[in-house]
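Visitor: Structure file final_2.pdb, PDB, C-alpha atoms and all ligand atoms, is pasted below:
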ATOM      1  CA  MET B   1       6.648  25.468  -0.761
ATOM      2  CA  SER B   2      10.239  26.582  -1.212
ATOM      3  CA  GLU B   3      10.691  30.083  -2.534
ATOM      4  CA  PHE B   4      13.749  28.921  -4.401
ATOM      5  CA  ALA B   5      13.894  27.631  -7.945
ATOM      6  CA  LEU B   6      17.174  25.890  -7.238
ATOM      7  CA  ARG B   7      18.841  25.112  -3.967
ATOM      8  CA  ALA B   8      22.192  23.504  -3.248
ATOM      9  CA  GLN B   9      23.809  22.827   0.092
ATOM     10  CA  GLY B  10      27.355  21.572   0.465
ATOM     11  CA  LEU B  11      27.316  20.263  -3.080
ATOM     12  CA  LYS B  12      30.470  18.362  -3.965
ATOM     13  CA  LYS B  13      31.540  16.438  -7.002
ATOM     14  CA  THR B  14      34.657  14.415  -7.637
ATOM     15  CA  TYR B  15      35.012  12.827 -11.044
ATOM     16  CA  LYS B  16      36.683   9.435 -10.673
ATOM     17  CA  ALA B  17      40.085   8.794 -12.196
ATOM     18  CA  ALA B  18      39.800   7.266 -15.661
ATOM     19  CA  GLY B  19      42.672   6.006 -17.814
ATOM     20  CA  ASN B  20      45.501   8.491 -17.452
ATOM     21  CA  ALA B  21      43.251  11.213 -16.073
ATOM     22  CA  PRO B  22      43.513  11.552 -12.281
ATOM     23  CA  ALA B  23      40.421  12.049 -10.118
ATOM     24  CA  LYS B  24      39.180  15.637 -10.292
ATOM     25  CA  GLN B  25      37.272  17.504  -7.615
ATOM     26  CA  ALA B  26      35.064  19.745  -9.718
ATOM     27  CA  LEU B  27      32.856  21.091  -6.899
ATOM     28  CA  LYS B  28      34.204  21.699  -3.420
ATOM     29  CA  GLY B  29      31.011  22.310  -1.464
ATOM     30  CA  ILE B  30      28.674  24.825  -3.077
ATOM     31  CA  ASP B  31      25.859  26.523  -1.146
ATOM     32  CA  LEU B  32      23.642  28.403  -3.536
ATOM     33  CA  ASN B  33      20.018  29.497  -3.762
ATOM     34  CA  VAL B  34      18.411  30.710  -6.952
ATOM     35  CA  PRO B  35      15.257  32.745  -6.225
ATOM     36  CA  ARG B  36      12.129  31.936  -8.191
ATOM     37  CA  GLY B  37      11.449  34.290 -11.066
ATOM     38  CA  SER B  38      15.009  35.526 -11.378
ATOM     39  CA  ILE B  39      17.402  35.597 -14.277
ATOM     40  CA  PHE B  40      20.379  34.152 -12.542
ATOM     41  CA  GLY B  41      23.893  34.157 -13.922
ATOM     42  CA  LEU B  42      26.414  31.494 -12.993
ATOM     43  CA  LEU B  43      29.678  33.046 -13.977
ATOM     44  CA  GLY B  44      33.166  31.600 -13.912
ATOM     45  CA  PRO B  45      36.195  30.809 -16.028
ATOM     46  CA  ASN B  46      36.441  27.614 -18.064
ATOM     47  CA  GLY B  47      36.764  24.576 -15.844
ATOM     48  CA  ALA B  48      35.270  26.349 -12.808
ATOM     49  CA  GLY B  49      32.551  23.728 -12.389
ATOM     50  CA  LYS B  50      29.533  25.514 -13.893
ATOM     51  CA  SER B  51      28.394  22.673 -16.131
ATOM     52  CA  THR B  52      28.982  20.143 -13.379
ATOM     53  CA  PHE B  53      26.792  22.169 -11.013
ATOM     54  CA  ILE B  54      23.845  22.536 -13.342
ATOM     55  CA  ASN B  55      24.130  19.000 -14.692
ATOM     56  CA  ILE B  56      23.776  17.701 -11.127
ATOM     57  CA  LEU B  57      20.643  19.805 -10.652
ATOM     58  CA  ALA B  58      19.289  18.512 -13.962
ATOM     59  CA  GLY B  59      19.921  14.900 -12.930
ATOM     60  CA  MET B  60      22.556  14.333 -15.605
ATOM     61  CA  VAL B  61      25.592  14.042 -13.334
ATOM     62  CA  MET B  62      25.683  12.220  -9.990
ATOM     63  CA  LYS B  63      26.803  14.344  -7.067
ATOM     64  CA  THR B  64      29.346  13.011  -4.587
ATOM     65  CA  GLU B  65      28.047  14.846  -1.509
ATOM     66  CA  GLY B  66      25.532  17.441  -0.396
ATOM     67  CA  THR B  67      21.885  18.091  -1.128
ATOM     68  CA  ALA B  68      20.083  19.859  -3.933
ATOM     69  CA  SER B  69      16.542  20.607  -4.936
ATOM     70  CA  VAL B  70      14.677  21.963  -7.921
ATOM     71  CA  TRP B  71      11.441  23.904  -7.403
ATOM     72  CA  GLY B  72      11.319  22.507  -3.884
ATOM     73  CA  PHE B  73      11.818  18.881  -4.976
ATOM     74  CA  ASP B  74      14.860  17.144  -3.554
ATOM     75  CA  ILE B  75      16.840  15.559  -6.406
ATOM     76  CA  ASP B  76      17.294  12.319  -4.398
ATOM     77  CA  GLU B  77      13.876  12.042  -2.775
ATOM     78  CA  ASN B  78      11.809  13.288  -5.705
ATOM     79  CA  PRO B  79      13.947  12.712  -8.774
ATOM     80  CA  ARG B  80      10.989  12.559 -11.148
ATOM     81  CA  GLN B  81       9.432  15.852 -10.041
ATOM     82  CA  SER B  82      12.751  17.614  -9.799
ATOM     83  CA  ARG B  83      13.657  16.582 -13.339
ATOM     84  CA  ALA B  84      10.241  17.586 -14.610
ATOM     85  CA  SER B  85      10.797  21.061 -13.139
ATOM     86  CA  ILE B  86      13.906  21.766 -15.145
ATOM     87  CA  GLY B  87      14.652  22.253 -18.812
ATOM     88  CA  ILE B  88      18.287  22.291 -19.772
ATOM     89  CA  VAL B  89      19.977  23.571 -22.883
ATOM     90  CA  PRO B  90      23.312  21.767 -22.817
ATOM     91  CA  GLN B  91      26.644  23.300 -23.707
ATOM     92  CA  GLU B  92      27.275  20.869 -26.559
ATOM     93  CA  LEU B  93      25.232  21.201 -29.726
ATOM     94  CA  SER B  94      24.231  17.559 -29.600
ATOM     95  CA  ILE B  95      21.433  16.970 -32.049
ATOM     96  CA  ASP B  96      20.725  13.782 -33.932
ATOM     97  CA  PRO B  97      21.350  14.866 -37.527
ATOM     98  CA  PHE B  98      18.949  12.367 -39.071
ATOM     99  CA  PHE B  99      15.806  13.598 -37.395
ATOM    100  CA  THR B 100      13.768  16.699 -38.143
ATOM    101  CA  PRO B 101      13.024  19.372 -35.536
ATOM    102  CA  GLY B 102       9.410  18.176 -35.504
ATOM    103  CA  GLU B 103      10.474  14.593 -34.730
ATOM    104  CA  ILE B 104      13.017  15.700 -32.143
ATOM    105  CA  MET B 105      10.375  17.734 -30.317
ATOM    106  CA  GLU B 106       7.828  14.913 -30.366
ATOM    107  CA  PHE B 107      10.399  12.400 -29.156
ATOM    108  CA  GLN B 108      11.422  14.683 -26.301
ATOM    109  CA  ALA B 109       7.777  15.260 -25.332
ATOM    110  CA  GLY B 110       7.310  11.491 -25.266
ATOM    111  CA  MET B 111      10.308  11.090 -22.982
ATOM    112  CA  TYR B 112       8.784  13.551 -20.544
ATOM    113  CA  GLY B 113       5.406  11.880 -20.784
ATOM    114  CA  VAL B 114       3.626  14.910 -22.215
ATOM    115  CA  PRO B 115       0.259  13.654 -23.540
ATOM    116  CA  LYS B 116      -0.262  14.125 -27.296
ATOM    117  CA  SER B 117      -3.145  16.522 -26.676
ATOM    118  CA  GLU B 118      -0.899  18.797 -24.620
ATOM    119  CA  ARG B 119       2.053  18.925 -26.967
ATOM    120  CA  ARG B 120       2.942  22.314 -28.373
ATOM    121  CA  THR B 121       5.611  21.411 -30.911
ATOM    122  CA  LEU B 122       4.575  23.951 -33.529
ATOM    123  CA  ASP B 123       4.003  26.765 -31.031
ATOM    124  CA  ILE B 124       7.401  26.312 -29.432
ATOM    125  CA  LEU B 125       9.191  26.016 -32.775
ATOM    126  CA  LYS B 126       7.395  29.182 -33.863
ATOM    127  CA  ALA B 127       8.533  30.976 -30.725
ATOM    128  CA  VAL B 128      12.171  30.187 -31.488
ATOM    129  CA  GLY B 129      11.738  30.990 -35.194
ATOM    130  CA  LEU B 130      12.078  27.444 -36.472
ATOM    131  CA  ASP B 131       8.512  26.636 -37.522
ATOM    132  CA  ASP B 132       9.521  26.722 -41.194
ATOM    133  CA  LYS B 133      12.183  24.083 -40.429
ATOM    134  CA  ILE B 134       9.827  21.648 -38.752
ATOM    135  CA  ASN B 135      10.417  19.022 -41.455
ATOM    136  CA  ALA B 136      14.020  19.847 -42.374
ATOM    137  CA  TYR B 137      16.805  17.434 -41.486
ATOM    138  CA  ALA B 138      18.632  18.689 -38.419
ATOM    139  CA  ARG B 139      21.969  18.293 -40.193
ATOM    140  CA  THR B 140      20.941  21.116 -42.555
ATOM    141  CA  LEU B 141      20.452  23.535 -39.642
ATOM    142  CA  SER B 142      23.059  26.200 -38.900
ATOM    143  CA  GLY B 143      24.751  26.447 -35.496
ATOM    144  CA  GLY B 144      22.387  29.205 -34.389
ATOM    145  CA  MET B 145      19.339  27.199 -35.478
ATOM    146  CA  ARG B 146      20.606  24.142 -33.608
ATOM    147  CA  ARG B 147      21.016  26.252 -30.483
ATOM    148  CA  ARG B 148      17.435  27.470 -30.820
ATOM    149  CA  LEU B 149      16.224  23.935 -31.432
ATOM    150  CA  LEU B 150      17.893  22.893 -28.178
ATOM    151  CA  VAL B 151      16.075  25.719 -26.395
ATOM    152  CA  ALA B 152      12.794  24.528 -27.925
ATOM    153  CA  LYS B 153      13.553  20.957 -26.891
ATOM    154  CA  ALA B 154      14.217  22.053 -23.298
ATOM    155  CA  LEU B 155      10.754  23.637 -23.176
ATOM    156  CA  VAL B 156       8.561  20.732 -24.311
ATOM    157  CA  HIS B 157       7.435  19.841 -20.797
ATOM    158  CA  ASN B 158       6.822  23.451 -19.783
ATOM    159  CA  PRO B 159       9.398  23.512 -16.976
ATOM    160  CA  PRO B 160       9.352  26.383 -14.460
ATOM    161  CA  VAL B 161      13.159  26.557 -14.583
ATOM    162  CA  LEU B 162      15.151  26.899 -17.785
ATOM    163  CA  ILE B 163      18.901  26.455 -17.665
ATOM    164  CA  LEU B 164      21.105  27.574 -20.516
ATOM    165  CA  ASP B 165      24.700  26.371 -20.409
ATOM    166  CA  GLU B 166      26.985  28.766 -22.322
ATOM    167  CA  PRO B 167      24.148  29.546 -24.697
ATOM    168  CA  THR B 168      25.946  32.035 -26.882
ATOM    169  CA  ALA B 169      29.098  30.068 -27.615
ATOM    170  CA  GLY B 170      29.312  30.088 -31.403
ATOM    171  CA  VAL B 171      26.142  32.134 -31.865
ATOM    172  CA  ASP B 172      26.439  35.332 -33.898
ATOM    173  CA  ILE B 173      25.378  38.691 -32.516
ATOM    174  CA  GLU B 174      22.032  38.948 -34.249
ATOM    175  CA  LEU B 175      20.967  35.475 -33.148
ATOM    176  CA  ARG B 176      22.213  36.234 -29.680
ATOM    177  CA  ARG B 177      19.805  39.198 -29.543
ATOM    178  CA  GLN B 178      16.928  37.021 -30.709
ATOM    179  CA  LEU B 179      17.790  34.359 -28.170
ATOM    180  CA  TRP B 180      17.913  36.927 -25.368
ATOM    181  CA  ASP B 181      14.647  38.518 -26.434
ATOM    182  CA  TYR B 182      13.035  35.126 -26.227
ATOM    183  CA  VAL B 183      14.642  34.307 -22.893
ATOM    184  CA  LEU B 184      13.455  37.643 -21.468
ATOM    185  CA  GLU B 185       9.960  36.927 -22.743
ATOM    186  CA  LEU B 186       9.960  33.514 -21.045
ATOM    187  CA  ASN B 187      11.109  35.162 -17.837
ATOM    188  CA  ALA B 188       8.300  37.723 -18.107
ATOM    189  CA  GLN B 189       5.935  34.752 -18.328
ATOM    190  CA  GLY B 190       7.327  33.507 -15.024
ATOM    191  CA  VAL B 191      10.063  31.080 -16.045
ATOM    192  CA  THR B 192      13.154  31.215 -13.833
ATOM    193  CA  ILE B 193      16.237  31.469 -16.018
ATOM    194  CA  VAL B 194      19.696  30.272 -15.063
ATOM    195  CA  LEU B 195      22.473  30.888 -17.480
ATOM    196  CA  THR B 196      26.119  29.974 -17.270
ATOM    197  CA  THR B 197      28.659  32.024 -19.076
ATOM    198  CA  HIS B 198      32.265  33.065 -18.911
ATOM    199  CA  TYR B 199      31.365  36.449 -20.408
ATOM    200  CA  LEU B 200      30.867  39.049 -17.731
ATOM    201  CA  GLU B 201      29.134  41.431 -20.143
ATOM    202  CA  GLU B 202      26.526  38.843 -20.934
ATOM    203  CA  ALA B 203      25.694  38.177 -17.301
ATOM    204  CA  GLU B 204      25.730  41.884 -16.532
ATOM    205  CA  GLU B 205      23.296  42.703 -19.286
ATOM    206  CA  LEU B 206      20.751  40.015 -18.571
ATOM    207  CA  CYS B 207      20.946  38.777 -15.021
ATOM    208  CA  ASP B 208      19.457  40.284 -11.879
ATOM    209  CA  THR B 209      21.647  38.104  -9.664
ATOM    210  CA  ILE B 210      25.106  36.732 -10.333
ATOM    211  CA  ALA B 211      27.035  33.954  -8.641
ATOM    212  CA  ILE B 212      30.695  33.610  -9.427
ATOM    213  CA  ILE B 213      32.363  30.241  -9.085
ATOM    214  CA  ASP B 214      36.006  29.457  -9.465
ATOM    215  CA  GLN B 215      37.884  26.190  -9.055
ATOM    216  CA  GLY B 216      34.805  24.459  -7.720
ATOM    217  CA  GLY B 217      34.036  27.039  -5.030
ATOM    218  CA  LEU B 218      31.573  29.907  -4.768
ATOM    219  CA  VAL B 219      33.442  33.220  -4.574
ATOM    220  CA  ALA B 220      30.544  35.685  -4.805
ATOM    221  CA  CYS B 221      26.781  35.789  -5.029
ATOM    222  CA  ASP B 222      25.030  39.105  -5.100
ATOM    223  CA  SER B 223      22.658  41.290  -7.051
ATOM    224  CA  THR B 224      24.180  42.435 -10.318
ATOM    225  CA  GLN B 225      23.921  45.994  -9.059
ATOM    226  CA  ASN B 226      25.954  45.281  -5.944
ATOM    227  CA  LEU B 227      28.605  43.460  -7.930
ATOM    228  CA  LEU B 228      28.777  46.328 -10.385
ATOM    229  CA  SER B 229      29.123  48.888  -7.621
ATOM    230  CA  GLN B 230      32.295  47.061  -6.649
ATOM    231  CA  ILE B 231      33.489  47.564 -10.192
ATOM    232  CA  ASP B 232      32.965  51.297  -9.721
ATOM    233  CA  ASN B 233      35.905  51.201  -7.350
ATOM    234  CA  LYS B 234      39.079  52.708  -8.633
ATOM    235  CA  THR B 235      42.510  51.958  -7.303
ATOM    236  CA  LEU B 236      45.211  54.541  -6.863
ATOM    237  CA  LEU B 237      48.681  52.995  -6.821
ATOM    238  CA  ILE B 238      51.093  55.145  -4.872
ATOM    239  CA  ARG B 239      54.855  54.771  -4.595
ATOM    240  CA  PRO B 240      56.047  56.267  -1.303
ATOM    241  CA  SER B 241      59.463  57.900  -1.005
ATOM    242  CA  ALA B 242      60.433  55.721   1.969
ATOM    243  CA  SER B 243      59.537  52.053   2.152
ATOM    244  CA  LEU B 244      56.675  51.220   4.486
ATOM    245  CA  THR B 245      56.276  48.246   6.780
ATOM    246  CA  ALA B 246      52.495  48.465   6.999
ATOM    247  CA  ALA B 247      49.606  50.205   5.276
ATOM    248  CA  PRO B 248      48.766  53.530   6.966
ATOM    249  CA  ASP B 249      45.418  54.242   8.566
ATOM    250  CA  LEU B 250      43.621  56.519   6.152
ATOM    251  CA  GLY B 251      40.540  56.980   8.261
ATOM    252  CA  GLY B 252      38.162  54.578   6.566
ATOM    253  CA  ILE B 253      39.697  54.565   3.088
ATOM    254  CA  ALA B 254      40.639  50.996   2.108
ATOM    255  CA  CYS B 255      44.358  50.723   1.632
ATOM    256  CA  GLN B 256      46.824  47.886   1.173
ATOM    257  CA  LEU B 257      50.580  47.645   1.001
ATOM    258  CA  ARG B 258      51.603  45.663  -2.053
ATOM    259  CA  GLU B 259      54.605  43.395  -2.357
ATOM    260  CA  ASP B 260      56.245  45.818  -4.769
ATOM    261  CA  GLY B 261      56.177  48.483  -2.031
ATOM    262  CA  ARG B 262      53.336  50.485  -3.526
ATOM    263  CA  LEU B 263      50.214  51.444  -1.648
ATOM    264  CA  ALA B 264      46.967  50.441  -3.326
ATOM    265  CA  VAL B 265      44.213  52.777  -2.201
ATOM    266  CA  GLN B 266      40.683  51.983  -3.227
ATOM    267  CA  TYR B 267      38.057  54.637  -3.628
ATOM    268  CA  ASN B 268      34.776  55.165  -5.359
ATOM    269  CA  PRO B 269      35.017  58.101  -7.781
ATOM    270  CA  GLY B 270      31.346  58.807  -7.147
ATOM    271  CA  ASP B 271      32.063  59.484  -3.457
ATOM    272  CA  MET B 272      35.521  60.980  -3.487
ATOM    273  CA  HIS B 273      38.017  62.679  -5.791
ATOM    274  CA  ALA B 274      41.525  61.398  -6.340
ATOM    275  CA  GLY B 275      42.779  64.645  -4.819
ATOM    276  CA  ALA B 276      41.164  63.808  -1.506
ATOM    277  CA  VAL B 277      42.761  60.354  -1.563
ATOM    278  CA  ILE B 278      46.171  61.876  -2.233
ATOM    279  CA  GLY B 279      45.570  64.404   0.529
ATOM    280  CA  ALA B 280      44.744  61.610   2.981
ATOM    281  CA  VAL B 281      47.916  59.715   2.063
ATOM    282  CA  GLN B 282      50.045  62.851   2.485
ATOM    283  CA  GLY B 283      48.185  63.612   5.697
ATOM    284  CA  ALA B 284      49.415  60.246   7.020
ATOM    285  CA  GLY B 285      52.959  61.562   6.577
ATOM    286  CA  ILE B 286      53.726  59.731   3.352
ATOM    287  CA  GLU B 287      55.621  61.487   0.584
ATOM    288  CA  ILE B 288      54.439  60.441  -2.857
ATOM    289  CA  VAL B 289      57.083  59.766  -5.525
ATOM    290  CA  ASP B 290      54.844  58.384  -8.231
ATOM    291  CA  LEU B 291      51.267  57.357  -8.789
ATOM    292  CA  ASP B 292      49.127  55.425 -11.157
ATOM    293  CA  THR B 293      45.451  54.592 -11.369
ATOM    294  CA  GLN B 294      43.782  51.333 -12.120
ATOM    295  CA  GLY B 295      40.623  51.995 -14.049
ATOM    296  CA  ALA B 296      37.113  50.795 -13.427
ATOM    297  CA  GLU B 297      37.304  47.893 -15.801
ATOM    298  CA  LEU B 298      34.454  45.539 -16.228
ATOM    299  CA  GLU B 299      36.706  42.582 -15.679
ATOM    300  CA  THR B 300      38.172  43.855 -12.415
ATOM    301  CA  VAL B 301      35.851  42.279  -9.888
ATOM    302  CA  PHE B 302      35.749  39.066 -11.809
ATOM    303  CA  MET B 303      39.539  38.938 -12.008
ATOM    304  CA  LYS B 304      39.879  39.853  -8.372
ATOM    305  CA  LEU B 305      37.496  37.150  -7.270
ATOM    306  CA  THR B 306      38.711  34.392  -9.556
ATOM    307  CA  ARG B 307      42.425  35.028  -9.140
ATOM    308  CA  GLN B 308      44.492  31.848  -8.618
ATOM    309  CA  LYS B 309      44.521  31.161  -4.918
TER     310      LYS B 309
HETATM  311  P1  LIG B 401      32.840  24.691 -16.598
HETATM  312  O1  LIG B 401      31.518  24.308 -17.121
HETATM  313  O2  LIG B 401      32.810  25.781 -15.581
HETATM  314  O3  LIG B 401      33.823  25.020 -17.702
HETATM  315  P2  LIG B 401      33.039  21.888 -15.827
HETATM  316  O4  LIG B 401      31.985  21.665 -14.821
HETATM  317  O5  LIG B 401      32.784  21.430 -17.214
HETATM  318  O6  LIG B 401      33.470  23.428 -15.809
HETATM  319  O7  LIG B 401      34.374  21.200 -15.334
HETATM  320  C1  LIG B 401      34.904  21.376 -14.038
HETATM  321  C2  LIG B 401      36.144  20.493 -13.883
HETATM  322  O8  LIG B 401      35.749  19.118 -13.907
HETATM  323  C3  LIG B 401      37.149  20.665 -14.996
HETATM  324  O9  LIG B 401      38.445  20.534 -14.452
HETATM  325  C4  LIG B 401      36.850  19.522 -15.926
HETATM  326  O10 LIG B 401      37.997  19.131 -16.625
HETATM  327  C5  LIG B 401      36.378  18.441 -14.975
HETATM  328  N1  LIG B 401      35.396  17.544 -15.600
HETATM  329  C6  LIG B 401      34.219  17.906 -16.165
HETATM  330  N2  LIG B 401      33.534  16.835 -16.623
HETATM  331  C7  LIG B 401      34.303  15.757 -16.348
HETATM  332  C8  LIG B 401      34.163  14.348 -16.560
HETATM  333  N3  LIG B 401      33.076  13.825 -17.141
HETATM  334  N4  LIG B 401      35.159  13.546 -16.124
HETATM  335  C9  LIG B 401      36.257  14.055 -15.529
HETATM  336  N5  LIG B 401      36.450  15.365 -15.295
HETATM  337  C10 LIG B 401      35.493  16.223 -15.690
HETATM  338 MG    MG B 402      30.757  24.322 -19.005
END
Transcribe the structure of this file into structure tokens.
Guide:
Amino acid sequence: MSEFALRAQGLKKTYKAAGNAPAKQALKGIDLNVPRGSIFGLLGPNGAGKSTFINILAGMVMKTEGTASVWGFDIDENPRQSRASIGIVPQELSIDPFFTPGEIMEFQAGMYGVPKSERRTLDILKAVGLDDKINAYARTLSGGMRRRLLVAKALVHNPPVLILDEPTAGVDIELRRQLWDYVLELNAQGVTIVLTTHYLEEAEELCDTIAIIDQGGLVACDSTQNLLSQIDNKTLLIRPSASLTAAPDLGGIACQLREDGRLAVQYNPGDMHAGAVIGAVQGAGIEIVDLDTQGAELETVFMKLTRQK
């Protein structure tokens, strides 16, 4: 049995040209493994290809090339099992307004072939705090309630993998908390969680592993801790008195010569003081005219990795 909840190798997707819209390569060959039991964040700016990636895994979008599997089931060879292993909460709040949450849950269970005796409509609605709305028309539900109904709907067939696509878009802070508490509880029960977001803070707070995709390509995949330790890096921007042709050797301290003539020296404030960095630069025979620091901003790594190439 595969130890991965999700697995993709060389996954590519090109959306065909339609009308005036030209063909669009949304995924350029993604290799990615999501370990079982994790809370995995798929992070990237709008248009990066996040929804395309997870919709392929969920059997909702056809891939162009590559292979993928869910819970060890290849999406081509075992489409039924792979679909049964995944529950997806889509980005759009698409809910038929003329049905009640109770009906929507029963209909979904029917689609997944869950026998009547095994259906847990009330339990699941209770878990997402919608049991009192079981007979209300969906059109009377608020945005946050609709989001929770979509989570409930994704869980009817008890999938081992739950995917949430931009789950907090349009959800207020209190509901966000509730949603996360529930997601964490599901994870504690053994459900692998994959969430896509373009909010770094959200991924940082919840996820043990984060993959960053940009323009259809994977730019990073690491434990949240490792990614954050990169954020701990500070950059000292130094303007030398004489222009340099190359970055000096600072004995193991990472240093680059920027186009504007400044030296960008990276250091980890936990390991080294700025004074030592300055000393090393001066020790390399460089006279410093001016300096500036670039702080340890949360967005830094993300920006660095998703910069236009
Ligand atoms: P994300 O979820 O990261 O915002 P998407 O996967 O939705 O990104 O989109 C990736 C790229 O593919 C975007 O350029 C988007 O415009 C394009 N795209 C997404 N869905 C379609 C579609 N059905 N037809 C054509 N292009 C699409
Ligand atoms: Mg999306």
Visitor: Decode the PyMOL selection byres (((chain B and resi 135) around 12) and not hetatm) for the given file into explicit residues and return them as an mmCIF file with C-alpha atoms, keeping the file's coordinate frame.
Guide:
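Ended up saving to out00.cif:
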data_model
loop_
_atom_site.group_PDB
_atom_site.id
_atom_site.type_symbol
_atom_site.label_atom_id
_atom_site.label_comp_id
_atom_site.auth_asym_id
_atom_site.auth_seq_id
_atom_site.Cartn_x
_atom_site.Cartn_y
_atom_site.Cartn_z
ATOM 1 C CA PHE B 98 18.949 12.367 -39.071
ATOM 2 C CA PHE B 99 15.806 13.598 -37.395
ATOM 3 C CA THR B 100 13.768 16.699 -38.143
ATOM 4 C CA PRO B 101 13.024 19.372 -35.536
ATOM 5 C CA GLY B 102 9.410 18.176 -35.504
ATOM 6 C CA GLU B 103 10.474 14.593 -34.730
ATOM 7 C CA ILE B 104 13.017 15.700 -32.143
ATOM 8 C CA MET B 105 10.375 17.734 -30.317
ATOM 9 C CA THR B 121 5.611 21.411 -30.911
ATOM 10 C CA LEU B 122 4.575 23.951 -33.529
ATOM 11 C CA LEU B 125 9.191 26.016 -32.775
ATOM 12 C CA LEU B 130 12.078 27.444 -36.472
ATOM 13 C CA ASP B 131 8.512 26.636 -37.522
ATOM 14 C CA ASP B 132 9.521 26.722 -41.194
ATOM 15 C CA LYS B 133 12.183 24.083 -40.429
ATOM 16 C CA ILE B 134 9.827 21.648 -38.752
ATOM 17 C CA ALA B 136 14.020 19.847 -42.374
ATOM 18 C CA TYR B 137 16.805 17.434 -41.486
ATOM 19 C CA ALA B 138 18.632 18.689 -38.419
ATOM 20 C CA ARG B 139 21.969 18.293 -40.193
ATOM 21 C CA THR B 140 20.941 21.116 -42.555
ATOM 22 C CA LEU B 141 20.452 23.535 -39.642
#
Visitor: If you count all atoms listed in the file, which residues fall within 9 Å of B:Gly10, apart from same-chain ones fewer than 2 positions away, as a count of residues only?
Guide: 11
Visitor: Can you work out which residues are within 7 Å of ligand MG 402 (chain B), considering only C-alpha atoms and all ligand atoms, and then hand them over as a count of residues only?
Guide: 8
Visitor: What residues have any atom no more than 9 Å from ligand LIG 401 (chain B) when counting all atoms listed in the file, and can you list them as a ChimeraX atom specification?
Guide: /B:13-18,21-27,42-55,61,91,165-166,196-198,213-216
Visitor: Which residues would end up in the selection if the PyMOL selection byres (((chain B and resi 250-252) around 9) and not hetatm) were applied here, given that I need the answer as a list in words?
Guide: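 Applied to this file, the PyMOL selection byres (((chain B and resi 250-252) around 9) and not hetatm) returns Ala247, Pro248, Asp249, Ile253, Ala254, Cys255, Val277, Ala280, Val281, Gly283 and Ala284 of chain B.
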Visitor: Between B:Val156, B:Leu93, B:Ile212, B:Val128, which is the closest to B:Tyr112 once you count only C-alpha atoms?
Guide: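 Closest residue, counting only C-alpha atoms: B:Val156.
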Visitor: Mind checking which residues fall within 8 Å of stretch 289-295 of chain B, counting only C-alpha atoms, ignoring those fewer than 5 positions away in the same chain, and posting them as a list in words?
Guide: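 My reading of the contact set: Lys234, Thr235, Leu236, Leu237, Ile238, Arg239, Pro240 and Ser241 of chain B.
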Visitor: Atom CA of B:Val265 to atom CA of B:Asn233: how many Å, to one decimal?
Guide: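 Pair atom CA of B:Val265 / atom CA of B:Asn233 returns 9.9 Å.
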Visitor: Which neighbours of B:Asp172 fall inside 12 Å, counting only C-alpha atoms, when residues of the same chain fewer than 2 positions from it are skipped, and could you give them as a list in words?
Guide: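 Near B:Asp172, the qualifying residues are Ser142, Gly143, Gly144, Met145, Arg147, Pro167, Thr168, Ala169, Gly170, Glu174, Leu175, Arg176, Arg177, Gln178 and Leu179 of chain B.
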Visitor: What does the file look like for those residues with C-alpha atoms, as a PDB file, in the frame of the given file?
Guide:
ATOM      1  CA  SER B 142      23.059  26.200 -38.900  1.00  0.00           C
ATOM      2  CA  GLY B 143      24.751  26.447 -35.496  1.00  0.00           C
ATOM      3  CA  GLY B 144      22.387  29.205 -34.389  1.00  0.00           C
ATOM      4  CA  MET B 145      19.339  27.199 -35.478  1.00  0.00           C
ATOM      5  CA  ARG B 147      21.016  26.252 -30.483  1.00  0.00           C
ATOM      6  CA  PRO B 167      24.148  29.546 -24.697  1.00  0.00           C
ATOM      7  CA  THR B 168      25.946  32.035 -26.882  1.00  0.00           C
ATOM      8  CA  ALA B 169      29.098  30.068 -27.615  1.00  0.00           C
ATOM      9  CA  GLY B 170      29.312  30.088 -31.403  1.00  0.00           C
ATOM     10  CA  GLU B 174      22.032  38.948 -34.249  1.00  0.00           C
ATOM     11  CA  LEU B 175      20.967  35.475 -33.148  1.00  0.00           C
ATOM     12  CA  ARG B 176      22.213  36.234 -29.680  1.00  0.00           C
ATOM     13  CA  ARG B 177      19.805  39.198 -29.543  1.00  0.00           C
ATOM     14  CA  GLN B 178      16.928  37.021 -30.709  1.00  0.00           C
ATOM     15  CA  LEU B 179      17.790  34.359 -28.170  1.00  0.00           C
TER      16      LEU B 179
END
